[in-house]
Amino acid sequence: TDRLEMWAAQAPSRIFLAERAADGVWRTVTYAEALVRVRRLAQGMLDRGLSADRPLMILSGNSIEHGLVALAAMYAGIPYAPIAPAYSLAVKEFTALSHVWRNFGPAMVFADEGARFAPTLKAVSRGDAEIVFHTSRPEGMHSISFAELENSEPSSAVDDANRRTGPDSIAKILYTSGSTGLPKGVITTQRMLCSNQEMLRQMMPSLGDEPPVLCDWLPWNHTFGGSHNFGIALHNGGSLYIDAGRPTPELFGETVRNLREIATTAYFNVPKGYEMLVAHLRTDPVLRKTFFSRLNLLFFAAAGLSQHIWDALQDLAFETCGEEILVVTGLGATESAPYALSTGKEGASSGCLGLPVPGVELKLVPVEEKLEARLRGPSITPGFWRRPELTAAAFDEENYYRLGDAIKFADPQDPLKGFVFDGRLNEDFKNSTGTWVRVGPLRMRLLAHFGSLVHDVVLAGPDRDFTTALFFPALEKCRALCAGLSPNAPPAEVLARPEVRGAFQERLDSFALASTGSTTRVERAILLDTPPSIEAQEIT
């Protein structure tokens, strides 16, 4: 929040946060306005007894109010936890959220649309947290409005609380469960956030050459959107336009609408988002012209980007602006704030993770036949919120964080060429012959081979004679294969069609032909007609 004060003094009228209002017009907050409002909100929290031991929980998605209340908590040294809205709105039972509530112990909860979150709050609240809403009141519960919380004149108490914060003050708790299991709270300190932003600036100098302009959908309850991207805007005095779209068939139109208006200087997304974006860039000249007009770099994370999407982005960039755009990727975790390994100004290639960023130490430790990546440095978490047993298990005898990811040299003869991903150690299993199935590399090969036909794949078959797969098909792509099919046909009917099953069979056959043995091919597959379940802890 020192950066908030700095930019409020140096660029008071520059837009900091923006989001579309219901009428479609961009609603904005400048740096000067943000600082005033953050200080008032911080006073309101202190007046209500919030402290380092009495934290704030945020249940809502990205919004200006979410950003301001989060910064207000950090300004006063109050830890906050942004929780994925799906834990509240996409489930019937609140197992995961109840677990988080008990572990975190909030003294205040912010729910932007209070009425939407009322059933959740009634189910998990134990009457020990004050509820703050913005656009609608949760009926049947005591609550105060965001305006009431903000209606507090800052006193010396705010300045005193701000002065007491330091590098090791807890900024926020990010709840993550990795691939499976109940969420655990990763402690994120001010030191982690600030050092990580300097690492980003050193690896991507263009972020500091001019105030960055971002148009971003990535959720702030996740480290990519909430620490990495939100931090890039704040640290460098940039403007963050909140994109209400998502990389789904139903919501990506909103992303396209926003990108036709907002010329970004850097763009961040997951591979599925880029895949959908390429299709629109090819057919929409207005989008293409705006998108490439100021763009300095493209960044992707969370999964591998297929080579054909990579090539298409570079071809479109060259056709539009006469040059290729720098593509950056890497490897990190919530526990590393998240930036840890990265490609640099020389650009990336498909599958490459780059090298440790400045300030991060990397240790490679043999585990079975693989090398586990372990990290140490100022951006690494001190541990997990109120879970000392998890903290003790997460670090080795030299205080390196056990990342759980296996990596290997891209070129064993030249370590400076960086590393490539070699799978998650806890995903691998042995088949009945005692041979390891390396799930990470096999999954990436399958996703690349099936392309736009699938959203994801889960591999199974421990102790069996052969490897099996559960496919989550891309239903819209599957529908397009079926002539004469009703657009309202249920997923099960779509996936039962011979055109769809034939397309999957053809790809499975060609995949098997290119495989070298039983552990590198799939001999049985199921097409799933329902998405993975949050309630069953199949996805987070």
# chains A, B, ... in the order shown; residues from 1 in each chain; ligands from 1

call {"tool": "residues_around", "arguments": {"residues": "region 367-371 of chain A", "least_positions_apart": "6", "cutoff": "7 Å", "atoms": "only C-alpha atoms", "output": "mmCIF file with N, CA and C atoms, in the first residue's frame"}}
result
data_model
loop_
_atom_site.group_PDB
_atom_site.id
_atom_site.type_symbol
_atom_site.label_atom_id
_atom_site.label_comp_id
_atom_site.auth_asym_id
_atom_site.auth_seq_id
_atom_site.Cartn_x
_atom_site.Cartn_y
_atom_site.Cartn_z
ATOM 1 N N ALA A 406 7.863 -31.954 -10.553
ATOM 2 C CA ALA A 406 9.119 -32.453 -11.112
ATOM 3 C C ALA A 406 9.469 -31.636 -12.342
ATOM 4 N N ILE A 407 10.744 -31.283 -12.476
ATOM 5 C CA ILE A 407 11.217 -30.573 -13.660
ATOM 6 C C ILE A 407 12.499 -31.241 -14.140
ATOM 7 N N LYS A 408 12.885 -30.963 -15.365
ATOM 8 C CA LYS A 408 14.147 -31.503 -15.891
ATOM 9 C C LYS A 408 14.751 -30.472 -16.840
#

call {"tool": "select_by_dssp", "arguments": {"residues": "region 443-504 of chain A", "states": "helix (DSSP H, G or I)", "output": "number ranges by chain"}}
result
A: 443-453, 475-480, 491-496, 498-504

call {"tool": "closest_atom_pairs", "arguments": {"of": "region 374-411 of chain A", "to": "region 348-363 of chain A", "cutoff": "10 Å", "atoms": "only C-alpha atoms", "output": "Markdown table"}}
result
| residue | atom | partner | partner_atom | distance |
| --- | --- | --- | --- | --- |
| A:Arg374 | CA | A:Lys363 | CA | 5.1 |
| A:Leu375 | CA | A:Leu362 | CA | 4.9 |
| A:Arg376 | CA | A:Glu361 | CA | 5.1 |
| A:Gly377 | CA | A:Val360 | CA | 4.9 |
| A:Pro378 | CA | A:Gly359 | CA | 7.1 |
| A:Ser379 | CA | A:Val360 | CA | 7.6 |
| A:Ile380 | CA | A:Val360 | CA | 8.5 |
| A:Tyr400 | CA | A:Lys363 | CA | 7.8 |
| A:Tyr401 | CA | A:Lys363 | CA | 9.5 |
| A:Arg402 | CA | A:Lys363 | CA | 9.5 |
| A:Ile407 | CA | A:Leu353 | CA | 8.8 |
| A:Lys408 | CA | A:Leu353 | CA | 9.8 |
| A:Phe409 | CA | A:Cys352 | CA | 9.4 |
| A:Ala410 | CA | A:Cys352 | CA | 7.2 |

call {"tool": "closest_residue", "arguments": {"among": "A:Arg294, A:Lys477, A:Arg164, A:Arg288", "to": "Leu316 (chain A)", "atoms": "only C-alpha atoms"}}
result
A:Arg288

call {"tool": "atom_distance", "arguments": {"atom1": "CA of Asp405 (chain A)", "atom2": "CA of Pro338 (chain A)"}}
result
14.0 Å
